[in-house]
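**Q** Here it is: the structure, laid out below.
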Amino acid sequence: MTDILLVEDNAEISGLLKAFLERDGFSVCPAVSGEAALEFLQDHTVKILILDIMLPGMDGFAVCRAIRQRQNMPVLIMSARSGREDKLIGYELGADDYMEKPVDPEILAAKVRALIARAYGITQEQSIITSGALSIDTDSRKVYLSGNPMELNVKEYDLLLLFAKNPGKTLTKAFLFGQIWGMDSFSEEQTLTVHVKMLRSKIEENPKTPRRIVTVWGVGYRYEEI
């Protein structure tokens, strides 16, 4: 089953949203027209439909109407047509949500997660953490930087995950060491410094002048999302 059927005739917008949503852990199938979307749905199952209104041929409203006659999947409309009447028509035809273009990809992804959780009775526990250009899949323990997979050892992954869950906060060395190694560990606190250095070498553009993991002298580290 595909997670998202993305119906958008603008190739640039479609490509950007597809790349972002896939980085966020979703499988995405693009369609350039309403007719192509309906044809795809004859033989395939998707969890949610993201639908533009202004499409060549059959417009998005007609697609939404056709979908609602035979399926009950969540439908999220995104359109430059932001007038009250357009939104009312969309909701009356059965759309579950309506976003104005240009859409914020992070808000779009959040809405998709919420609609899927609501529609399929999924207990929504965020398994994909997006932090700037970094994406962390907590189910598979995989990390991606700008969509490219990264190789991290166990402690590097645990350390990055802890940082990503606390963006903008200064975390003391004692806290980080205790969370990752445990205060009763036989390791020394210097181990933390070594792992931070190794992690920086993998996620920083210039590890000597880090922008993600910033040293707070005499205290610890602060993680910044970029």
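By order in the structure tokens, chains are A, B, ...; within a chain, residues start at 1; ligands start at 1, following the order shown.
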Residues at most 10 Å from range 151-162 of chain A, counting only C-alpha atoms, excluding those fewer than 5 positions away in the same chain, as a ChimeraX atom specification?

**A** /A:129,131,134-138,141-144,167,171,176-177,179-181,192,195-200,202-203,213,223

**Q** From the list A:Ala36, A:Cys64, A:Val112, A:Leu145, which residue is nearest Asp3 in chain A when using only C-alpha atoms?

**A** A:Val112

**Q** Can you pull out every residue from range 43-152 of chain A that DSSP, working from the backbone, puts in strand (DSSP E or B), and format the result as a PyMOL selection string?

**A** chain A and resi 46-51+75-79+97-100+128-131+134-137+142-145+148-150

**Q** Generate a file of the selected residues that holds C-alpha atoms, formatted as a compact mmCIF listing (two decimals), in the first residue's frame.

**A**
```txt
# COMPACT_ATOMS: atom_id res chain seq x y z
CA VAL A 46 -3.38 4.45 -0.78
CA LYS A 47 -3.77 5.74 2.75
CA ILE A 48 -4.35 9.42 1.92
CA LEU A 49 -4.93 11.65 -1.09
CA ILE A 50 -3.24 15.08 -1.34
CA LEU A 51 -5.14 16.95 -4.01
CA VAL A 75 -8.49 13.70 1.36
CA LEU A 76 -6.34 16.77 1.97
CA ILE A 77 -6.82 19.61 -0.50
CA MET A 78 -3.99 22.06 -1.12
CA SER A 79 -4.70 24.95 -3.43
CA ASP A 97 -8.59 19.29 5.42
CA TYR A 98 -7.79 22.27 3.19
CA MET A 99 -4.38 23.97 3.01
CA GLU A 100 -3.57 27.16 1.16
CA ILE A 128 10.06 9.98 12.17
CA ILE A 129 11.82 12.94 13.74
CA THR A 130 12.70 15.70 11.29
CA SER A 131 15.36 18.12 12.44
CA LEU A 134 18.29 15.51 9.27
CA SER A 135 15.60 12.84 9.49
CA ILE A 136 15.65 10.11 12.14
CA ASP A 137 13.54 6.97 11.78
CA LYS A 142 18.18 4.94 10.49
CA VAL A 143 19.34 8.50 9.95
CA TYR A 144 19.20 10.52 6.74
CA LEU A 145 20.96 13.79 5.92
CA ASN A 148 20.99 10.41 2.07
CA PRO A 149 21.41 7.51 4.54
CA MET A 150 24.13 7.83 7.16
```

**Q** Considering only C-alpha atoms, can you say which of A:Arg211, A:Arg84, A:Leu41, A:Glu8 comes closest to Arg70 in chain A?

**A** A:Leu41

**Q** Using only C-alpha atoms, pick whichever of A:Ala119, A:Ala80, A:Val103, A:Met73 has the shortest atom-to-atom distance to Thr45 in chain A.

**A**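 The closest residue to Thr45 in chain A is A:Met73.
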
**Q** Excluding Val214 in chain A and residues on its chain fewer than 6 positions from it, collect all residues at most 8 Å away from it, counting only C-alpha atoms, and give them as a list in words.

**A**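 So the residues in contact are Tyr221, Arg222, Tyr223 and Glu224 of chain A.
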
**Q** If you take only C-alpha atoms and a cut-off of 7 Å, which residues of range 43-122 of chain A touch range 17-34 of chain A, and what are their nearest atom pairs and distances in Å to one decimal, in chain and number order, as a tab-separated table?

**A**
```
residue	atom	partner	partner_atom	distance
A:Leu55	CA	A:Ser33	CA	5.9
A:Pro56	CA	A:Ser33	CA	6.1
A:Met58	CA	A:Gly34	CA	5.5
A:Asp59	CA	A:Gly34	CA	6.5
A:Gly60	CA	A:Gly34	CA	6.6
A:Val63	CA	A:Gly34	CA	5.7
A:Pro105	CA	A:Leu17	CA	6.7
A:Ala109	CA	A:Leu21	CA	6.5
```

**Q** Name the residues of chain A that come out as helix (DSSP H, G or I) in a backbone DSSP run; write them as a PyMOL selection string.

**A** chain A and resi 11-23+34-43+60-70+84-92+105-120+154-164+173-180+190-203

**Q** With C-alpha atoms kept, could you save the residues just selected as a short mmCIF file (atom, residue, chain, number, x, y, z; two decimals), in the first residue's frame?

**A**
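The resulting file, selection29.cif, is shown below:
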```cif
data_model
loop_
_atom_site.label_atom_id
_atom_site.label_comp_id
_atom_site.auth_asym_id
_atom_site.auth_seq_id
_atom_site.Cartn_x
_atom_site.Cartn_y
_atom_site.Cartn_z
CA ALA A 11 6.34 19.28 -11.58
CA GLU A 12 8.56 21.45 -9.40
CA ILE A 13 6.09 21.61 -6.51
CA SER A 14 5.32 17.91 -6.84
CA GLY A 15 9.00 16.98 -6.81
CA LEU A 16 9.79 19.11 -3.78
CA LEU A 17 6.84 17.83 -1.74
CA LYS A 18 7.52 14.22 -2.76
CA ALA A 19 11.17 14.51 -1.67
CA PHE A 20 10.25 16.08 1.68
CA LEU A 21 7.47 13.60 2.47
CA GLU A 22 9.66 10.63 1.54
CA ARG A 23 12.41 12.00 3.76
CA GLY A 34 -7.27 13.93 -11.78
CA GLU A 35 -7.80 11.32 -14.48
CA ALA A 36 -4.38 9.78 -13.75
CA ALA A 37 -5.17 9.71 -10.02
CA LEU A 38 -8.50 7.91 -10.53
CA GLU A 39 -6.88 5.43 -12.91
CA PHE A 40 -4.16 4.70 -10.33
CA LEU A 41 -6.78 4.11 -7.64
CA GLN A 42 -8.51 1.47 -9.76
CA ASP A 43 -5.61 -0.92 -9.17
CA GLY A 60 -9.73 18.69 -7.94
CA PHE A 61 -13.31 19.22 -6.81
CA ALA A 62 -14.51 16.70 -9.41
CA VAL A 63 -11.83 14.25 -8.30
CA CYS A 64 -12.87 14.64 -4.66
CA ARG A 65 -16.50 14.04 -5.59
CA ALA A 66 -15.59 10.91 -7.58
CA ILE A 67 -13.42 9.58 -4.74
CA ARG A 68 -16.17 10.05 -2.17
CA GLN A 69 -18.63 8.07 -4.32
CA ARG A 70 -16.54 4.93 -3.96
CA ARG A 84 -14.07 31.01 1.64
CA GLU A 85 -16.35 29.59 -1.07
CA ASP A 86 -13.64 27.26 -2.38
CA LYS A 87 -12.97 25.96 1.11
CA LEU A 88 -16.68 25.40 1.76
CA ILE A 89 -17.04 23.50 -1.53
CA GLY A 90 -14.03 21.35 -0.64
CA TYR A 91 -15.39 20.45 2.78
CA GLU A 92 -18.91 19.87 1.43
CA PRO A 105 6.08 21.02 4.11
CA GLU A 106 6.46 20.37 7.85
CA ILE A 107 2.86 21.39 8.55
CA LEU A 108 1.72 19.28 5.58
CA ALA A 109 3.58 16.25 6.97
CA ALA A 110 2.08 16.83 10.43
CA LYS A 111 -1.43 17.02 8.97
CA VAL A 112 -0.83 13.84 6.97
CA ARG A 113 0.31 11.99 10.10
CA ALA A 114 -2.73 13.21 12.03
CA LEU A 115 -5.20 12.26 9.28
CA ILE A 116 -3.68 8.79 8.87
CA ALA A 117 -3.71 8.24 12.64
CA ARG A 118 -7.35 9.32 12.88
CA ALA A 119 -8.52 7.35 9.84
CA TYR A 120 -6.79 4.08 10.58
CA VAL A 154 24.88 2.77 18.38
CA LYS A 155 26.11 5.53 20.70
CA GLU A 156 26.32 8.11 17.90
CA TYR A 157 22.70 7.37 17.02
CA ASP A 158 21.56 7.57 20.66
CA LEU A 159 23.42 10.83 21.12
CA LEU A 160 21.98 12.39 17.96
CA LEU A 161 18.47 11.31 18.91
CA LEU A 162 18.83 12.90 22.34
CA PHE A 163 20.07 16.13 20.76
CA ALA A 164 17.27 16.16 18.17
CA LYS A 173 28.04 16.96 29.77
CA ALA A 174 26.95 15.13 32.93
CA PHE A 175 23.36 14.89 31.68
CA LEU A 176 24.41 13.64 28.24
CA PHE A 177 26.83 11.11 29.67
CA GLY A 178 24.26 9.85 32.15
CA GLN A 179 21.55 9.48 29.50
CA ILE A 180 23.73 7.66 26.95
CA GLN A 190 35.89 11.92 27.93
CA THR A 191 34.08 9.22 25.93
CA LEU A 192 31.30 11.77 25.35
CA THR A 193 33.76 14.26 23.86
CA VAL A 194 35.08 11.62 21.49
CA HIS A 195 31.61 10.64 20.31
CA VAL A 196 30.56 14.26 19.82
CA LYS A 197 33.64 14.73 17.65
CA MET A 198 32.81 11.62 15.60
CA LEU A 199 29.18 12.67 15.24
CA ARG A 200 30.20 16.13 14.10
CA SER A 201 32.45 14.61 11.44
CA LYS A 202 29.36 12.97 9.95
CA ILE A 203 26.64 15.61 10.26
#
```

**Q** Distance CA of Thr170 in chain A-CA of Val216 in chain A, one decimal place?

**A**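 Going from CA of Thr170 in chain A over to CA of Val216 in chain A covers 7.3 Å.
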
**Q** Suppose you want the space between CA of Gly218 in chain A and CA of Glu205 in chain A; what is it in Å?

**A**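 So the two atoms, CA of Gly218 in chain A and CA of Glu205 in chain A, lie 24.4 Å apart.
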